[in-house]
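Written out below as structure tokens is the structure these notes cover.
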Amino acid sequence: MYRYRSPFLLLLLCLFLLCSTVQAAIDLQITVRDSIDNTSIPNAVVYVNGQDFARTNNNGQYFLSHNGQNDQRIRISMVGYTDWENIVPKNQETLIVNMSRKAVTLTINLYDSDTLSPVPGAVVNISAMNSTQSKQSDAAGVVTFIVNANMLYSVDINAPNYEPRSGTADVGMDNKAIQFWLLSGNKYSFVVKDKASKAPVPGAEIRLNSIPAGKTDERGILSTPVARGRTYTIEVKKDGYESVTESRIISQGDAIYIIEIAKAPIGAFVYVYDENNNPVKGAEIYISGNLSGTTNEYGRHTFPDLVFGSYPVEIRKTGYNPSNRTITVSNKSEDYSFTLTAESSALTISVSDKEAKEIPQAVISVDGTVIGQTDDHGRIITSVRFNRVYNISATREGYLPASLQREVVAGNTTDSVTLRLDKSMDLGFLGIIGGVILVVLALFVVFRKFGRKPGHHVTRRNEI
């Protein structure tokens, strides 16, 4: 029995050792670093055999466990770096990956601080981490370098007849463009801009230590010689703007100074009148589309905060047609007058008799002023203002005059009124009748006086 047990135990031992060998796991330590400064790269994506597997920790590491039976295809990816990929032997336990930064473009533009034109032929040197490149600017004043992403480069510029310039270029993960202004000789450029619009301000006077240096051109620029390394009191004046006074040191590296000036409040007076030159109270004043005030009993409103510039102004009031125009506020307070014309309605005046028969050629008066005669249909059309009472009268030969009062309410674009005339008696006919009556009366008197016959006198008893 023991003869057969020993080979059996030996067989079990061999199977155990074989299984242990097959199932032995390999721990692969992956460390990801920057190839330039050897700093660790956290959050790098680790791909194992083509699959997104994990990300490196804050130390730029990841521990990969596998069964050790096959080689592993490892790929590392990180923003701003070129992907790294390789086959790692199945029994390898450590892997150091040095990732190269991606190449991006650094473009440097060079301009003359006086003329603002490009500066060709300037020698530009850039350096970082013991790496230096040097190029000359082209005809457009442009220099282009291929650099590593996420790097800080020192920039040194030398150009004939210009002051040397130095600076830095902080390159991120994308292409970058920067510009430098080169100072020609000992000149210094002042750039004056509107504080609100950022537009150039031409004609601005600049004084250095109370001495006039000149005025800005149409680009808002004044270039003038100055001595470097001194403190200057800079004054900027321009009609319609608030004056600016600043003190600053103009150093060797300074080439251009940008000054923003704000428009000064000038103010304006707005007057509103009607067609008869009477002040209009309560008229609404809109400036640049916004309700900004209403007129007082004198038809006036003051705007003390208006600054230099042009403004569209519209005047509105119920019962009047709007009036609008653009005013220009200059370097002094001015009066701006507006005239409002009253809104009107078409009023049809009809004249007829009591039988509603149309009466043509009737004379029509409005507030005592004759406006015309009715047409063949007994009508006349006139224009009247809203919310005003009018006295309307009509006359016609053969008729008694008639009148009435009428008010047209705002909002009615058309209205109508009818006057009815009574016929008057004919004076000629009355004269004839009067004459006939007089004749009859005269005949009656004559007849009474001369028409009686003589008779016999009879003596009465009481006469004896």
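Numbering starts fresh at 1 for the residues of each chain in the structure tokens, the chains themselves are lettered A, B, ... in the order given, and ligands are numbered from 1 as they appear.
For Ser416 in chain A, the list of residues within 6 Å, based on only C-alpha atoms and with local chain neighbours fewer than 3 positions off taken out, reads Leu347, Thr348 and Ile349 of chain A.
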Write the residues of the selection above to a file with C-alpha atoms, as a CSV table (one decimal), in the first residue's frame.
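Okay, out_36.csv is ready:
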```csv
chain,number,residue,atom,x,y,z
A,347,LEU,CA,-63.9,117.2,-39.0
A,348,THR,CA,-66.7,117.0,-41.6
A,349,ILE,CA,-69.3,119.8,-41.2
```
Fewer than 3 positions away in the same chain doesn't count, so skip those; otherwise give me all residues within 7 Å of Ile259 in chain A, counting only C-alpha atoms, as a list of chain:residue names. A:Val191, A:Val192, A:Lys193
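Between Val226 in chain A and the candidates A:Leu421, A:Ile392, A:Ile266, A:Ile250, the tightest atom-to-atom separation, counting only C-alpha atoms, involves A:Ile250.
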Neighbouring residues of range 110-114 of chain A were defined as those with any atom within 6 Å, considering only C-alpha atoms; residues of the same chain fewer than 3 positions away were excluded. Please report them as a PyMOL selection string. chain A and resi 117-119+141+179-183+189+223
Restricting the output to C-alpha atoms, write the selected residues as a PDB file, in the first residue's frame.
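And here is the file that came out, again.pdb:
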```pdb
ATOM      1  CA  SER A 117       4.656 100.161 -38.222  1.00  0.00           C
ATOM      2  CA  PRO A 118       6.333  96.695 -38.198  1.00  0.00           C
ATOM      3  CA  VAL A 119      10.047  96.444 -37.366  1.00  0.00           C
ATOM      4  CA  GLY A 141       7.995  92.381 -38.155  1.00  0.00           C
ATOM      5  CA  GLN A 179       3.759  91.681 -29.380  1.00  0.00           C
ATOM      6  CA  PHE A 180       6.505  94.070 -28.370  1.00  0.00           C
ATOM      7  CA  TRP A 181       6.741  97.835 -28.979  1.00  0.00           C
ATOM      8  CA  LEU A 182      10.250  99.005 -29.791  1.00  0.00           C
ATOM      9  CA  LEU A 183      11.360 102.499 -28.838  1.00  0.00           C
ATOM     10  CA  SER A 189       4.811 107.538 -27.370  1.00  0.00           C
ATOM     11  CA  SER A 223       5.610 110.692 -30.007  1.00  0.00           C
TER      12      SER A 223
END
```
Pairwise distance for CA of Asn412 in chain A and CA of Ser383 in chain A, rounded to one decimal in Å: 12.0 Å
Residues of range 258-337 of chain A within 12 Å of range 199-217 of chain A: nearest atom pair and distance (Å, one decimal) for each, counting only C-alpha atoms, sorted by chain and number, as JSON lines?
```
{"residue": "A:Ile258", "atom": "CA", "partner": "A:Pro200", "partner_atom": "CA", "distance": 10.3}
{"residue": "A:Ile259", "atom": "CA", "partner": "A:Val201", "partner_atom": "CA", "distance": 10.0}
{"residue": "A:Glu260", "atom": "CA", "partner": "A:Val201", "partner_atom": "CA", "distance": 9.1}
{"residue": "A:Ile261", "atom": "CA", "partner": "A:Val201", "partner_atom": "CA", "distance": 8.7}
{"residue": "A:Ala262", "atom": "CA", "partner": "A:Val201", "partner_atom": "CA", "distance": 10.5}
{"residue": "A:Lys263", "atom": "CA", "partner": "A:Val201", "partner_atom": "CA", "distance": 10.8}
```
Please identify all polymer residues within 6 Å of range 40-54 of chain A, counting only C-alpha atoms, omitting same-chain residues fewer than 6 positions from it, and present them as a ChimeraX atom specification. /A:32-33,60,73-78
